[in-house]
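A.B. asks: As input, take structure_3.tsv (TSV, C-alpha atoms):
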```tsv
chain	number	residue	atom	x	y	z
A	1	MET	CA	82.10	32.46	60.62
A	2	SER	CA	85.88	32.44	61.07
A	3	ASN	CA	87.82	35.00	63.07
A	4	PRO	CA	90.05	37.61	61.34
A	5	ALA	CA	93.31	35.82	62.27
A	6	SER	CA	92.08	32.53	60.78
A	7	GLU	CA	90.94	34.33	57.65
A	8	ARG	CA	94.38	35.97	57.25
A	9	GLN	CA	96.02	32.54	57.68
A	10	ARG	CA	93.72	31.11	55.02
A	11	LEU	CA	94.67	33.95	52.64
A	12	ALA	CA	98.39	33.45	53.36
A	13	ALA	CA	98.00	29.74	52.53
A	14	ASP	CA	96.64	30.55	49.06
A	15	PRO	CA	99.35	29.42	46.62
A	16	GLY	CA	98.02	31.85	44.02
A	17	GLN	CA	99.25	34.77	46.13
A	18	SER	CA	102.77	35.81	47.09
A	19	THR	CA	103.20	35.80	50.84
A	20	TRP	CA	105.86	36.92	53.30
A	21	LEU	CA	105.23	35.06	56.55
A	22	SER	CA	106.69	36.47	59.75
A	23	ALA	CA	105.14	35.93	63.17
A	24	ASN	CA	105.87	35.02	66.78
A	25	ALA	CA	106.41	31.46	67.94
A	26	GLY	CA	103.16	29.55	68.35
A	27	SER	CA	101.17	31.86	66.10
A	28	GLY	CA	100.47	29.31	63.36
A	29	LYS	CA	103.30	29.73	60.82
A	30	THR	CA	103.77	25.98	60.44
A	31	LYS	CA	100.02	25.51	59.93
A	32	VAL	CA	99.95	28.20	57.24
A	33	LEU	CA	102.94	26.70	55.43
A	34	THR	CA	101.52	23.18	55.70
A	35	ASP	CA	98.17	24.43	54.37
A	36	ARG	CA	99.97	26.17	51.50
A	37	VAL	CA	101.87	23.01	50.52
A	38	ALA	CA	98.68	20.92	50.77
A	39	ARG	CA	96.88	23.40	48.49
A	40	LEU	CA	99.79	23.36	46.01
A	41	LEU	CA	99.65	19.56	45.90
A	42	LEU	CA	95.86	19.60	45.59
A	43	SER	CA	96.11	22.02	42.66
A	44	GLY	CA	98.28	19.52	40.79
A	45	THR	CA	101.80	20.75	41.57
A	46	GLU	CA	104.22	17.82	41.46
A	47	PRO	CA	105.70	17.11	44.93
A	48	GLN	CA	109.28	17.25	43.61
A	49	ARG	CA	108.68	20.85	42.44
A	50	ILE	CA	108.00	22.09	45.98
A	51	LEU	CA	110.80	23.33	48.23
A	52	CYS	CA	110.07	24.34	51.83
A	53	LEU	CA	112.83	26.02	53.79
A	54	THR	CA	112.85	26.69	57.51
A	55	TYR	CA	115.44	27.58	60.13
A	56	THR	CA	115.62	24.49	62.32
A	57	LYS	CA	115.67	20.75	61.81
A	58	ALA	CA	112.89	20.47	64.39
A	59	ALA	CA	110.67	22.86	62.42
A	60	ALA	CA	111.35	20.99	59.16
A	61	ALA	CA	110.51	17.66	60.81
A	62	GLU	CA	107.35	19.10	62.39
A	63	MET	CA	106.18	20.51	59.08
A	64	GLN	CA	106.80	17.23	57.27
A	65	ASN	CA	105.02	15.26	60.01
A	66	ARG	CA	101.98	17.56	59.91
A	67	LEU	CA	101.78	17.45	56.13
A	68	PHE	CA	102.02	13.65	55.92
A	69	ARG	CA	99.55	13.27	58.80
A	70	ARG	CA	97.03	15.48	56.97
A	71	LEU	CA	97.49	13.75	53.61
A	72	GLY	CA	97.16	10.37	55.33
A	73	GLU	CA	93.93	11.49	56.99
A	74	TRP	CA	92.54	12.68	53.66
A	75	ALA	CA	93.09	9.20	52.23
A	76	MET	CA	90.97	7.68	55.00
A	77	LEU	CA	88.20	10.22	55.73
A	78	ASP	CA	84.66	9.56	54.60
A	79	GLU	CA	83.56	11.82	51.75
A	80	GLU	CA	81.56	14.28	53.87
A	81	ARG	CA	84.42	14.87	56.34
A	82	LEU	CA	86.95	15.12	53.50
A	83	ILE	CA	84.85	17.80	51.79
A	84	ALA	CA	84.66	19.70	55.09
A	85	ALA	CA	88.45	19.42	55.53
A	86	LEU	CA	89.08	20.70	52.00
A	87	LEU	CA	86.71	23.63	52.50
A	88	ASP	CA	88.39	24.41	55.82
A	89	LEU	CA	91.71	24.43	53.96
A	90	GLY	CA	90.44	27.36	51.93
A	91	LEU	CA	88.77	25.98	48.83
A	92	THR	CA	86.13	28.48	47.74
A	93	GLU	CA	83.62	25.95	46.47
A	94	ALA	CA	82.72	22.37	47.30
A	95	PRO	CA	85.21	20.01	45.67
A	96	GLY	CA	83.99	17.78	42.88
A	97	PRO	CA	84.61	14.05	42.51
A	98	GLU	CA	87.96	14.55	40.72
A	99	THR	CA	89.31	16.84	43.46
A	100	ILE	CA	88.19	14.36	46.10
A	101	ARG	CA	89.94	11.50	44.27
A	102	ALA	CA	93.08	13.65	43.89
A	103	ALA	CA	93.07	14.51	47.61
A	104	ARG	CA	92.85	10.82	48.50
A	105	ARG	CA	95.86	10.03	46.28
A	106	LEU	CA	98.14	12.81	47.56
A	107	PHE	CA	99.60	10.80	50.43
A	108	ALA	CA	100.77	8.04	48.08
A	109	ARG	CA	102.11	10.60	45.56
A	110	ALA	CA	104.06	12.44	48.25
A	111	ILE	CA	105.51	9.22	49.70
A	112	GLU	CA	106.47	7.84	46.26
A	113	THR	CA	108.16	11.04	45.05
A	114	PRO	CA	111.82	10.34	44.19
A	115	GLY	CA	113.89	12.19	46.76
A	116	GLY	CA	110.74	12.90	48.75
A	117	LEU	CA	109.16	16.23	49.47
A	118	LYS	CA	111.90	18.77	50.02
A	119	ILE	CA	111.25	20.19	53.46
A	120	GLN	CA	114.60	21.17	54.89
A	121	THR	CA	116.60	23.80	56.69
A	122	ILE	CA	118.15	26.74	54.91
A	123	HIS	CA	121.58	25.39	55.92
A	124	SER	CA	120.98	21.94	54.47
A	125	PHE	CA	119.62	23.43	51.24
A	126	CYS	CA	122.68	25.66	50.86
A	127	ALA	CA	125.00	22.74	51.62
A	128	SER	CA	123.26	20.64	48.95
A	129	LEU	CA	123.83	23.44	46.43
A	130	LEU	CA	127.51	23.66	47.39
A	131	ARG	CA	127.89	19.88	47.01
A	132	ARG	CA	126.10	19.98	43.66
A	133	PHE	CA	128.17	22.86	42.28
A	134	PRO	CA	131.54	22.72	44.10
A	135	LEU	CA	133.58	24.13	41.22
A	136	GLU	CA	131.31	27.12	40.75
A	137	ALA	CA	131.25	27.75	44.51
A	138	ARG	CA	135.01	27.15	44.76
A	139	VAL	CA	134.65	24.63	47.58
A	140	SER	CA	135.94	21.12	48.02
A	141	PRO	CA	133.70	18.45	46.45
A	142	SER	CA	134.03	16.55	49.75
A	143	LEU	CA	132.38	19.41	51.67
A	144	VAL	CA	130.91	18.30	54.99
A	145	GLU	CA	128.57	20.40	57.11
A	146	MET	CA	129.80	21.20	60.58
A	147	ASP	CA	127.39	20.26	63.35
A	148	ASP	CA	126.74	22.53	66.33
A	149	ARG	CA	129.00	20.57	68.69
A	150	SER	CA	131.94	20.63	66.26
A	151	ALA	CA	131.46	24.37	65.70
A	152	GLU	CA	131.44	24.97	69.46
A	153	LEU	CA	134.68	22.98	69.90
A	154	LEU	CA	136.37	24.79	67.01
A	155	ARG	CA	135.29	28.17	68.38
A	156	ALA	CA	136.66	27.31	71.84
A	157	GLU	CA	139.91	26.09	70.30
A	158	MET	CA	140.32	29.31	68.30
A	159	ILE	CA	139.61	31.50	71.34
A	160	GLU	CA	142.13	29.54	73.38
A	161	GLU	CA	144.71	29.88	70.62
A	162	MET	CA	144.09	33.63	70.30
A	163	ALA	CA	144.31	34.10	74.06
A	164	GLY	CA	147.68	32.32	74.12
A	165	GLN	CA	149.29	34.82	71.72
```
Please express the file's structure as structure tokens.

C.D. replies:
Amino acid sequence: MSNPASERQRLAADPGQSTWLSANAGSGKTKVLTDRVARLLLSGTEPQRILCLTYTKAAAAEMQNRLFRRLGEWAMLDEERLIAALLDLGLTEAPGPETIRAARRLFARAIETPGGLKIQTIHSFCASLLRRFPLEARVSPSLVEMDDRSAELLRAEMIEEMAGQ
């Protein structure tokens, strides 16, 4: 019997339902999102059709690492443990042979996807849109994202300039 929080996470990971996920740090958001992507892939969604956005590069990397770790484990687990893992993910009935074969192939499909799984920050996604449609966005085609250090230096320079006037 699972606890109410785990059951709510399992429901939030159901790709057949719309979900707004907001919670404190360490409460399991990355697990829910990783579960949701795994279930989308298991249901036959092509990896290149999935876009995961998060706030930080660290969160995007963590999510990608967890997802690939899980898919890699599925490829190697014995059948009994794989069935248990799939049921724990939220499947409502024991997976049949085709679902088991599909789960074992997901790691290879995700790795071989042209451009890879799109798990990125909101900033990098927006920058990719601006680079893809510079005329429509009225930005230079040679747009370059400013890193945190460069932004800090520019901010300090502007403050110093304003203070000098």

A.B. asks: Could you work out an axis-aligned bounding box for all listed atoms of segment 146-155 of chain A, with 3 Å added on each of the six sides, and give its centre and edge lengths in Å to one decimal, as AutoDock Vina command-line options?

C.D. replies:
```
--center_x 131.6 --center_y 24.2 --center_z 65.2 --size_x 15.6 --size_y 13.9 --size_z 15.3
```

A.B. asks: Name all residues at most 12 Å from Ala127 of chain A (count all atoms listed in the file; drop same-chain ones fewer than 3 positions away) and give them as a list in words.

C.D. replies: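 Everything that qualifies: Gln120, Thr121, Ile122, His123, Ser124, Leu130, Arg131, Arg132, Phe133, Pro134, Ala137, Val139, Ser140, Pro141, Ser142, Leu143, Val144, Glu145 and Met146 of chain A.
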
A.B. asks: Can you write just those residues out, C-alpha atoms, as a short mmCIF file (atom, residue, chain, number, x, y, z; two decimals), keeping the file's coordinate frame?

C.D. replies:
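Printed below is selection-v9.cif as written:
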```cif
data_model
loop_
_atom_site.label_atom_id
_atom_site.label_comp_id
_atom_site.auth_asym_id
_atom_site.auth_seq_id
_atom_site.Cartn_x
_atom_site.Cartn_y
_atom_site.Cartn_z
CA GLN A 120 114.60 21.17 54.89
CA THR A 121 116.60 23.80 56.69
CA ILE A 122 118.15 26.74 54.91
CA HIS A 123 121.58 25.39 55.92
CA SER A 124 120.98 21.94 54.47
CA LEU A 130 127.51 23.66 47.39
CA ARG A 131 127.89 19.88 47.01
CA ARG A 132 126.10 19.98 43.66
CA PHE A 133 128.17 22.86 42.28
CA PRO A 134 131.54 22.72 44.10
CA ALA A 137 131.25 27.75 44.51
CA VAL A 139 134.65 24.63 47.58
CA SER A 140 135.94 21.12 48.02
CA PRO A 141 133.70 18.45 46.45
CA SER A 142 134.03 16.55 49.75
CA LEU A 143 132.38 19.41 51.67
CA VAL A 144 130.91 18.30 54.99
CA GLU A 145 128.57 20.40 57.11
CA MET A 146 129.80 21.20 60.58
#
```

A.B. asks: Could you tell me which of A:Arg104, A:Pro97, A:Gln9, A:Arg149 comes closest to Met76 of chain A if we count all atoms listed in the file?

C.D. replies: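 Smallest distance to Met76 of chain A is found for A:Arg104.
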
A.B. asks: Between atom CA of Ala60 of chain A and atom CA of Gly28 of chain A, what is the distance in Å, rounded to a tenth?

C.D. replies: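 Distance between the two atoms: 14.3 Å.
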
A.B. asks: Show which residues sit within 10 Å of Trp74 of chain A, as number ranges by chain. Count all atoms listed in the file, and ignore same-chain residues fewer than 5 positions away.

C.D. replies: A: 68-69, 79, 81-83, 85-86, 100-107

A.B. asks: Tell me, in Å to one decimal, how far atom CA of Leu21 of chain A is from atom CA of Leu33 of chain A.

C.D. replies: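 Distance between the two atoms: 8.7 Å.
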
A.B. asks: Just how far from atom CA of Ser150 of chain A is atom CA of Gly164 of chain A, in Å to one decimal?

C.D. replies: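 Pair atom CA of Gly164 of chain A / atom CA of Ser150 of chain A returns 21.1 Å.
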
A.B. asks: Write out as a compact mmCIF listing (two decimals) with C-alpha atoms, keeping the file's coordinate frame the residues lying within 7 Å of segment 112-117 of chain A, counting only C-alpha atoms and excluding same-chain residues fewer than 4 positions away.

C.D. replies:
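Below you can see result12.txt, which holds the result:
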```txt
# COMPACT_ATOMS: atom_id res chain seq x y z
CA PRO A 47 105.70 17.11 44.93
CA GLN A 48 109.28 17.25 43.61
CA ILE A 50 108.00 22.09 45.98
CA ALA A 108 100.77 8.04 48.08
```

A.B. asks: When distances are computed from all atoms listed in the file, which of A:Ala23, A:Leu67, A:Met162, A:Ala58 shows the smallest separation from Arg36 of chain A?

C.D. replies: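 Using all atoms listed in the file, Arg36 of chain A sits closest to A:Leu67.
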
A.B. asks: Pick out the closest residue to Cys52 of chain A from this set: A:Glu136, A:Ala38, A:Glu73, A:Asp78. Count only C-alpha atoms.

C.D. replies: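 Closest to Cys52 of chain A, using only C-alpha atoms: A:Ala38.
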
A.B. asks: Using all atoms listed in the file, can you tell me which of A:Arg66, A:Lys118, A:Arg155, A:Arg39 comes closest to Gln17 of chain A?

C.D. replies: A:Arg39

A.B. asks: So that I can check the surroundings of Ala5 of chain A, please list as a list in words every protein, DNA and RNA residue that reaches within 12 Å of it, counting all atoms listed in the file and ignoring chain neighbours fewer than 2 positions away.

C.D. replies: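 With the cut-off at 12 Å, the set is Met1, Ser2, Asn3, Glu7, Arg8, Gln9, Arg10, Leu11, Ala12, Ala23, Ser27, Gly28, Lys29 and Val32 of chain A.
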
A.B. asks: Create the file for the chosen residues now, containing C-alpha atoms and written as a PDB file, keeping the file's coordinate frame.

C.D. replies:
```
ATOM      1  CA  MET A   1      82.100  32.460  60.620  1.00  0.00           C
ATOM      2  CA  SER A   2      85.880  32.440  61.070  1.00  0.00           C
ATOM      3  CA  ASN A   3      87.820  35.000  63.070  1.00  0.00           C
ATOM      4  CA  GLU A   7      90.940  34.330  57.650  1.00  0.00           C
ATOM      5  CA  ARG A   8      94.380  35.970  57.250  1.00  0.00           C
ATOM      6  CA  GLN A   9      96.020  32.540  57.680  1.00  0.00           C
ATOM      7  CA  ARG A  10      93.720  31.110  55.020  1.00  0.00           C
ATOM      8  CA  LEU A  11      94.670  33.950  52.640  1.00  0.00           C
ATOM      9  CA  ALA A  12      98.390  33.450  53.360  1.00  0.00           C
ATOM     10  CA  ALA A  23     105.140  35.930  63.170  1.00  0.00           C
ATOM     11  CA  SER A  27     101.170  31.860  66.100  1.00  0.00           C
ATOM     12  CA  GLY A  28     100.470  29.310  63.360  1.00  0.00           C
ATOM     13  CA  LYS A  29     103.300  29.730  60.820  1.00  0.00           C
ATOM     14  CA  VAL A  32      99.950  28.200  57.240  1.00  0.00           C
TER      15      VAL A  32
END
```

A.B. asks: Can you patch up segment 74-85 of chain A, filling it in to all heavy atoms, and show the result as a compact mmCIF listing (two decimals), in the frame of the given file?

C.D. replies:
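Resulting contents of part_35.txt:
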```txt
# COMPACT_ATOMS: atom_id res chain seq x y z
N TRP A 74 93.38 12.47 54.84
CA TRP A 74 92.54 12.68 53.66
C TRP A 74 92.28 11.36 52.93
O TRP A 74 91.20 11.16 52.38
CB TRP A 74 93.19 13.66 52.70
CG TRP A 74 93.14 15.09 53.14
CD1 TRP A 74 92.59 15.60 54.28
CD2 TRP A 74 93.68 16.19 52.44
NE1 TRP A 74 92.76 16.95 54.33
CE2 TRP A 74 93.42 17.35 53.21
CE3 TRP A 74 94.37 16.33 51.23
CZ2 TRP A 74 93.82 18.61 52.80
CZ3 TRP A 74 94.77 17.59 50.83
CH2 TRP A 74 94.49 18.72 51.62
N ALA A 75 93.25 10.48 52.92
CA ALA A 75 93.09 9.20 52.23
C ALA A 75 92.04 8.32 52.93
O ALA A 75 91.42 7.47 52.28
CB ALA A 75 94.43 8.47 52.16
N MET A 76 91.83 8.56 54.22
CA MET A 76 90.97 7.68 55.00
C MET A 76 89.61 8.27 55.39
O MET A 76 88.72 7.54 55.79
CB MET A 76 91.71 7.27 56.29
CG MET A 76 93.06 6.64 56.06
SD MET A 76 92.99 5.16 55.05
CE MET A 76 92.21 4.04 56.16
N LEU A 77 89.45 9.58 55.31
CA LEU A 77 88.20 10.22 55.73
C LEU A 77 87.03 9.81 54.84
O LEU A 77 87.21 9.58 53.64
CB LEU A 77 88.33 11.74 55.68
CG LEU A 77 89.16 12.42 56.75
CD1 LEU A 77 89.27 13.92 56.46
CD2 LEU A 77 88.57 12.19 58.13
N ASP A 78 85.83 9.76 55.44
CA ASP A 78 84.66 9.56 54.60
C ASP A 78 84.46 10.83 53.78
O ASP A 78 85.01 11.88 54.07
CB ASP A 78 83.41 9.23 55.44
CG ASP A 78 83.01 10.35 56.38
OD1 ASP A 78 82.61 11.44 55.89
OD2 ASP A 78 83.10 10.16 57.61
N GLU A 79 83.68 10.73 52.72
CA GLU A 79 83.56 11.82 51.75
C GLU A 79 83.09 13.14 52.38
O GLU A 79 83.62 14.20 52.09
CB GLU A 79 82.65 11.43 50.59
CG GLU A 79 82.68 12.44 49.47
CD GLU A 79 82.03 11.92 48.21
OE1 GLU A 79 82.29 10.77 47.82
OE2 GLU A 79 81.27 12.71 47.60
N GLU A 80 82.11 13.06 53.26
CA GLU A 80 81.56 14.28 53.87
C GLU A 80 82.63 15.01 54.71
O GLU A 80 82.78 16.22 54.62
CB GLU A 80 80.36 13.90 54.75
CG GLU A 80 79.66 15.09 55.35
CD GLU A 80 78.43 14.66 56.16
OE1 GLU A 80 77.63 13.85 55.65
OE2 GLU A 80 78.30 15.14 57.29
N ARG A 81 83.38 14.25 55.50
CA ARG A 81 84.42 14.87 56.34
C ARG A 81 85.59 15.35 55.49
O ARG A 81 86.21 16.36 55.82
CB ARG A 81 84.87 13.89 57.41
CG ARG A 81 83.75 13.71 58.46
CD ARG A 81 84.05 12.70 59.52
NE ARG A 81 85.29 12.99 60.22
CZ ARG A 81 86.01 12.06 60.84
NH1 ARG A 81 85.61 10.80 60.84
NH2 ARG A 81 87.12 12.38 61.46
N LEU A 82 85.89 14.66 54.39
CA LEU A 82 86.95 15.12 53.50
C LEU A 82 86.57 16.44 52.84
O LEU A 82 87.38 17.37 52.76
CB LEU A 82 87.28 14.06 52.45
CG LEU A 82 88.35 14.45 51.42
CD1 LEU A 82 89.65 14.86 52.09
CD2 LEU A 82 88.57 13.31 50.44
N ILE A 83 85.33 16.54 52.39
CA ILE A 83 84.85 17.80 51.79
C ILE A 83 84.97 18.93 52.80
O ILE A 83 85.44 20.03 52.48
CB ILE A 83 83.41 17.64 51.26
CG1 ILE A 83 83.40 16.73 50.03
CG2 ILE A 83 82.79 19.00 50.94
CD1 ILE A 83 82.02 16.31 49.56
N ALA A 84 84.57 18.68 54.04
CA ALA A 84 84.66 19.70 55.09
C ALA A 84 86.12 20.11 55.32
O ALA A 84 86.43 21.29 55.48
CB ALA A 84 84.03 19.19 56.38
N ALA A 85 87.02 19.13 55.33
CA ALA A 85 88.45 19.42 55.53
C ALA A 85 89.01 20.26 54.39
O ALA A 85 89.80 21.18 54.61
CB ALA A 85 89.23 18.12 55.68
```
